[in-house]
Amino acid sequence: PYLLILWAFTGGSSVITDLIPGEKERKTLETILLAPIPRASIFWGKFLSLYTLCFASGLMTLVGLGLSAVTGRMGEVKGFTIGLPAIAAFLAVLIPLVVLYAGLLILVGCLSRSIRESQTYVALLSFIVMTPAVMSQFIGLTGGTHETWVAWTPILNSAMALGQALKNEVDLALILPSMATSLVIGGITCGIALSAFMKESILRRS
């Protein structure tokens with residue numbers, strides 16, 4: 001499950017450095033903002049493009065697991081099955097998680113003044129995302145899956161819920177907090193990013 005967590009993030013992180021900071025350096029962002037289109041609409045268009053890339057990356061992982069289960073290759077691994085409950089749990093966790101990722105990434109894009117600066121922020125953000133995802137592998141071994149702090153720790157709760165889904169166990173005690181924390185943090189970061197995008201300082205390159 002932590003690979004799905006990471007791949008969903010990587011799908012958007014590979015383009016955010018060019019989506020806004022790259023336009024600043026090429027001086028094309030000014031042209032876009034001069035178009036007779038509400039600035040908020042431009043922002044949400046960029047957000048949706050990030051969301052789509054992150055979601056597609058995570059979804060391809062789910063499709064790959066599904067195909068493996070259909071062909072019977074994964075049936076050799078004890079406890080590893082992909083059924084409709086597992087697919088529903090995957091989507092319930094992935095859809096809000098991608099809101100979190102896209103919100104964080106577009107915030108980085110809005111706050112960065114250059115491609116190099118955004119690359120630095122994305123590298124730090126990748127480490128922050130990877131740490132709880134990797135932790136989920138060890139917590140599963142120690143039996144701490146249902147601890148309260150695990151259920152309410154962003155990204156970690158998503159990884160744990162996905163791990164349970166791989167066993168065809170739909171654990172609402174993990175899925176619901178995962179959805180809530182992802183949507184709340186994603187909403188906050190989107191709000192901050194939109195506020196920054198609406199200011200003229202978004203054009204600053206130094």
# chains A, B, ... in the order shown; residues from 1 in each chain; ligands from 1
call {"tool": "residues_around", "arguments": {"residues": "Leu84 in chain A", "least_positions_apart": "3", "cutoff": "12 Å", "atoms": "only C-alpha atoms", "output": "list in words"}}
result
Leu62, Gly66, Ala69, Thr81, Ile87, Ala88, Ala89, Phe90, Leu91, Ala165, Leu166, Lys167, Asn168, Glu169 and Val170 of chain A
call {"tool": "write_last_selection", "arguments": {"atoms": "N, CA, C and O atoms", "output": "PDB file, in the first residue's frame"}}
result
ATOM      1  N   LEU A  62      -3.947   0.481  -8.801  1.00  0.00           N
ATOM      2  CA  LEU A  62      -5.105  -0.351  -8.465  1.00  0.00           C
ATOM      3  C   LEU A  62      -5.471  -1.261  -9.629  1.00  0.00           C
ATOM      4  O   LEU A  62      -5.776  -2.444  -9.433  1.00  0.00           O
ATOM      5  N   GLY A  66      -5.594  -5.308  -9.713  1.00  0.00           N
ATOM      6  CA  GLY A  66      -6.795  -6.014 -10.145  1.00  0.00           C
ATOM      7  C   GLY A  66      -6.507  -7.020 -11.245  1.00  0.00           C
ATOM      8  O   GLY A  66      -6.999  -8.148 -11.221  1.00  0.00           O
ATOM      9  N   ALA A  69      -4.812 -10.028  -9.833  1.00  0.00           N
ATOM     10  CA  ALA A  69      -5.743 -10.921  -9.143  1.00  0.00           C
ATOM     11  C   ALA A  69      -6.563 -11.729 -10.145  1.00  0.00           C
ATOM     12  O   ALA A  69      -6.826 -12.919  -9.943  1.00  0.00           O
ATOM     13  N   THR A  81      -6.031 -10.725  -1.826  1.00  0.00           N
ATOM     14  CA  THR A  81      -7.135 -10.844  -2.772  1.00  0.00           C
ATOM     15  C   THR A  81      -7.670  -9.451  -3.082  1.00  0.00           C
ATOM     16  O   THR A  81      -7.564  -8.541  -2.277  1.00  0.00           O
ATOM     17  N   ILE A  87     -11.864  -2.855  -3.715  1.00  0.00           N
ATOM     18  CA  ILE A  87     -11.829  -1.787  -4.712  1.00  0.00           C
ATOM     19  C   ILE A  87     -12.560  -0.550  -4.197  1.00  0.00           C
ATOM     20  O   ILE A  87     -12.094   0.589  -4.351  1.00  0.00           O
ATOM     21  N   ALA A  88     -13.710  -0.758  -3.551  1.00  0.00           N
ATOM     22  CA  ALA A  88     -14.462   0.368  -2.995  1.00  0.00           C
ATOM     23  C   ALA A  88     -13.659   1.079  -1.912  1.00  0.00           C
ATOM     24  O   ALA A  88     -13.648   2.314  -1.835  1.00  0.00           O
ATOM     25  N   ALA A  89     -12.965   0.304  -1.075  1.00  0.00           N
ATOM     26  CA  ALA A  89     -12.143   0.900  -0.026  1.00  0.00           C
ATOM     27  C   ALA A  89     -10.976   1.675  -0.623  1.00  0.00           C
ATOM     28  O   ALA A  89     -10.632   2.760  -0.150  1.00  0.00           O
ATOM     29  N   PHE A  90     -10.358   1.118  -1.658  1.00  0.00           N
ATOM     30  CA  PHE A  90      -9.263   1.808  -2.345  1.00  0.00           C
ATOM     31  C   PHE A  90      -9.716   3.180  -2.828  1.00  0.00           C
ATOM     32  O   PHE A  90      -9.054   4.194  -2.603  1.00  0.00           O
ATOM     33  N   LEU A  91     -10.846   3.210  -3.535  1.00  0.00           N
ATOM     34  CA  LEU A  91     -11.336   4.468  -4.105  1.00  0.00           C
ATOM     35  C   LEU A  91     -11.754   5.448  -3.012  1.00  0.00           C
ATOM     36  O   LEU A  91     -11.526   6.661  -3.138  1.00  0.00           O
ATOM     37  N   ALA A 165      -7.409  -3.138   3.074  1.00  0.00           N
ATOM     38  CA  ALA A 165      -8.204  -3.430   1.881  1.00  0.00           C
ATOM     39  C   ALA A 165      -7.570  -4.549   1.063  1.00  0.00           C
ATOM     40  O   ALA A 165      -8.279  -5.329   0.421  1.00  0.00           O
ATOM     41  N   LEU A 166      -6.247  -4.639   1.067  1.00  0.00           N
ATOM     42  CA  LEU A 166      -5.572  -5.707   0.332  1.00  0.00           C
ATOM     43  C   LEU A 166      -5.901  -7.085   0.906  1.00  0.00           C
ATOM     44  O   LEU A 166      -5.714  -8.097   0.244  1.00  0.00           O
ATOM     45  N   LYS A 167      -6.392  -7.087   2.137  1.00  0.00           N
ATOM     46  CA  LYS A 167      -6.823  -8.344   2.757  1.00  0.00           C
ATOM     47  C   LYS A 167      -8.342  -8.511   2.662  1.00  0.00           C
ATOM     48  O   LYS A 167      -8.917  -9.367   3.331  1.00  0.00           O
ATOM     49  N   ASN A 168      -8.963  -7.650   1.842  1.00  0.00           N
ATOM     50  CA  ASN A 168     -10.425  -7.644   1.698  1.00  0.00           C
ATOM     51  C   ASN A 168     -11.121  -7.298   3.006  1.00  0.00           C
ATOM     52  O   ASN A 168     -12.234  -7.773   3.272  1.00  0.00           O
ATOM     53  N   GLU A 169     -10.481  -6.473   3.820  1.00  0.00           N
ATOM     54  CA  GLU A 169     -11.070  -6.020   5.075  1.00  0.00           C
ATOM     55  C   GLU A 169     -11.376  -4.530   4.957  1.00  0.00           C
ATOM     56  O   GLU A 169     -10.474  -3.708   4.817  1.00  0.00           O
ATOM     57  N   VAL A 170     -12.662  -4.192   4.970  1.00  0.00           N
ATOM     58  CA  VAL A 170     -13.084  -2.794   4.896  1.00  0.00           C
ATOM     59  C   VAL A 170     -13.180  -2.257   6.323  1.00  0.00           C
ATOM     60  O   VAL A 170     -14.150  -2.530   7.037  1.00  0.00           O
TER      61      VAL A 170
END
call {"tool": "closest_atom_pairs", "arguments": {"of": "range 3-24 of chain A", "to": "range 37-58 of chain A", "cutoff": "9 Å", "atoms": "only C-alpha atoms", "output": "Markdown table"}}
result
| residue | atom | partner | partner_atom | distance |
| --- | --- | --- | --- | --- |
| A:Leu4 | CA | A:Gly58 | CA | 5.7 |
| A:Ile5 | CA | A:Gly58 | CA | 7.3 |
| A:Leu6 | CA | A:Gly58 | CA | 8.5 |
| A:Trp7 | CA | A:Ser57 | CA | 6.0 |
| A:Ala8 | CA | A:Gly58 | CA | 4.4 |
| A:Phe9 | CA | A:Cys54 | CA | 5.9 |
| A:Thr10 | CA | A:Cys54 | CA | 7.1 |
| A:Gly11 | CA | A:Cys54 | CA | 4.6 |
| A:Gly12 | CA | A:Cys54 | CA | 5.0 |
| A:Ser13 | CA | A:Cys54 | CA | 8.4 |
| A:Val15 | CA | A:Leu50 | CA | 7.9 |
| A:Ile16 | CA | A:Leu50 | CA | 7.6 |
| A:Leu19 | CA | A:Lys46 | CA | 7.4 |
| A:Ile20 | CA | A:Lys46 | CA | 8.6 |
call {"tool": "closest_residue", "arguments": {"among": "A:Ala86, A:Leu100, A:Ala151, A:Cys110", "to": "Met198 in chain A", "atoms": "only C-alpha atoms"}}
result
A:Cys110
call {"tool": "select_by_dssp", "arguments": {"residues": "range 79-131 of chain A", "states": "helix (DSSP H, G or I)", "output": "JSON, numbers by chain"}}
result
{"A": [84, 85, 86, 87, 88, 89, 90, 91, 92, 93, 94, 95, 96, 97, 98, 99, 100, 101, 102, 103, 104, 105, 106, 107, 108, 109, 110, 111, 115, 116, 117, 118, 119, 120, 121, 122, 123, 124, 125, 126, 127, 128, 129, 130, 131]}
call {"tool": "closest_residue", "arguments": {"among": "A:Leu107, A:Val134, A:Val129, A:Met160", "to": "Thr189 in chain A", "atoms": "only C-alpha atoms"}}
result
A:Leu107
call {"tool": "residues_around", "arguments": {"residues": "Val184 in chain A", "least_positions_apart": "4", "cutoff": "10 Å", "atoms": "only C-alpha atoms", "output": "VMD selection string"}}
result
chain A and resid 96 99 to 100 179 to 180 188 to 190
call {"tool": "closest_residue", "arguments": {"among": "A:Leu162, A:Ile202, A:Val122, A:Leu3", "to": "Tyr101 in chain A", "atoms": "only C-alpha atoms"}}
result
A:Val122
call {"tool": "residues_around", "arguments": {"residues": "Ala161 in chain A", "least_positions_apart": "6", "cutoff": "8 Å", "atoms": "only C-alpha atoms", "output": "list of chain:residue names"}}
result
A:Ala89, A:Val93, A:Val170, A:Asp171, A:Leu174, A:Ile175, A:Ser178
call {"tool": "atom_distance", "arguments": {"atom1": "CA of Ile139 in chain A", "atom2": "CA of Ser14 in chain A"}}
result
29.2 Å
call {"tool": "closest_residue", "arguments": {"among": "A:Val63, A:Leu34, A:Ile115, A:Leu105", "to": "Ile192 in chain A", "atoms": "only C-alpha atoms"}}
result
A:Leu105
call {"tool": "atom_distance", "arguments": {"atom1": "CA of Tyr2 in chain A", "atom2": "CA of Ser136 in chain A"}}
result
7.4 Å
call {"tool": "closest_residue", "arguments": {"among": "A:Glu25, A:Glu30, A:Glu147, A:Asp18", "to": "Gly109 in chain A", "atoms": "only C-alpha atoms"}}
result
A:Asp18
call {"tool": "residues_around", "arguments": {"residues": "Tyr121 in chain A", "least_positions_apart": "3", "cutoff": "12 Å", "atoms": "only C-alpha atoms", "output": "list in words"}}
result
Ser13, Ile16, Thr17, Pro21, Leu104, Leu105, Ile106, Leu107, Val108, Gly109, Cys110, Leu111, Ser112, Arg113, Ser114, Ile115, Arg116, Glu117, Ser118, Leu124, Leu125, Ser126, Phe127 and Ile128 of chain A
call {"tool": "write_last_selection", "arguments": {"atoms": "C-alpha atoms", "output": "PDB file, in the first residue's frame"}}
result
ATOM      1  CA  SER A  13       5.107  16.134  -8.224  1.00  0.00           C
ATOM      2  CA  ILE A  16       4.247  20.977 -10.486  1.00  0.00           C
ATOM      3  CA  THR A  17       7.672  22.541 -10.985  1.00  0.00           C
ATOM      4  CA  PRO A  21       7.091  28.206 -11.325  1.00  0.00           C
ATOM      5  CA  LEU A 104       0.001  20.507  -1.129  1.00  0.00           C
ATOM      6  CA  LEU A 105       1.615  20.525  -4.564  1.00  0.00           C
ATOM      7  CA  ILE A 106      -0.251  23.543  -5.908  1.00  0.00           C
ATOM      8  CA  LEU A 107       0.590  25.409  -2.701  1.00  0.00           C
ATOM      9  CA  VAL A 108       4.262  24.667  -3.381  1.00  0.00           C
ATOM     10  CA  GLY A 109       3.811  25.942  -6.920  1.00  0.00           C
ATOM     11  CA  CYS A 110       2.205  29.184  -5.757  1.00  0.00           C
ATOM     12  CA  LEU A 111       4.834  29.891  -3.102  1.00  0.00           C
ATOM     13  CA  SER A 112       7.846  29.042  -5.282  1.00  0.00           C
ATOM     14  CA  ARG A 113       9.503  31.831  -7.260  1.00  0.00           C
ATOM     15  CA  SER A 114      11.543  29.562  -9.547  1.00  0.00           C
ATOM     16  CA  ILE A 115      11.788  25.995 -10.781  1.00  0.00           C
ATOM     17  CA  ARG A 116      14.805  25.315  -8.584  1.00  0.00           C
ATOM     18  CA  GLU A 117      13.023  26.591  -5.483  1.00  0.00           C
ATOM     19  CA  SER A 118       9.978  24.443  -6.221  1.00  0.00           C
ATOM     20  CA  LEU A 124      11.144  18.030   1.210  1.00  0.00           C
ATOM     21  CA  LEU A 125       7.469  17.278   0.664  1.00  0.00           C
ATOM     22  CA  SER A 126       8.336  13.867  -0.793  1.00  0.00           C
ATOM     23  CA  PHE A 127      10.201  13.000   2.392  1.00  0.00           C
ATOM     24  CA  ILE A 128       7.245  14.130   4.519  1.00  0.00           C
TER      25      ILE A 128
END
call {"tool": "closest_residue", "arguments": {"among": "A:Gly186, A:Pro36, A:Gly83, A:Pro132", "to": "Leu97 in chain A", "atoms": "only C-alpha atoms"}}
result
A:Gly186
call {"tool": "residues_around", "arguments": {"residues": "Thr148 in chain A", "least_positions_apart": "4", "cutoff": "12 Å", "atoms": "only C-alpha atoms", "output": "short mmCIF file (atom, residue, chain, number, x, y, z; two decimals) with C-alpha atoms, in the first residue's frame"}}
result
data_model
loop_
_atom_site.label_atom_id
_atom_site.label_comp_id
_atom_site.auth_asym_id
_atom_site.auth_seq_id
_atom_site.Cartn_x
_atom_site.Cartn_y
_atom_site.Cartn_z
CA GLY A 144 -0.89 -1.05 16.35
CA TRP A 152 -5.94 10.28 12.74
CA THR A 153 -2.41 10.67 11.35
CA LEU A 156 -0.40 6.97 7.66
CA ASN A 157 -4.10 6.27 8.15
CA ALA A 173 -12.34 3.00 11.67
CA LEU A 174 -9.41 3.75 9.35
CA PRO A 177 -10.63 9.30 9.54
CA SER A 178 -8.44 8.97 6.44
#
call {"tool": "atom_distance", "arguments": {"atom1": "CA of Ser182 in chain A", "atom2": "CA of Gly64 in chain A"}}
result
24.2 Å
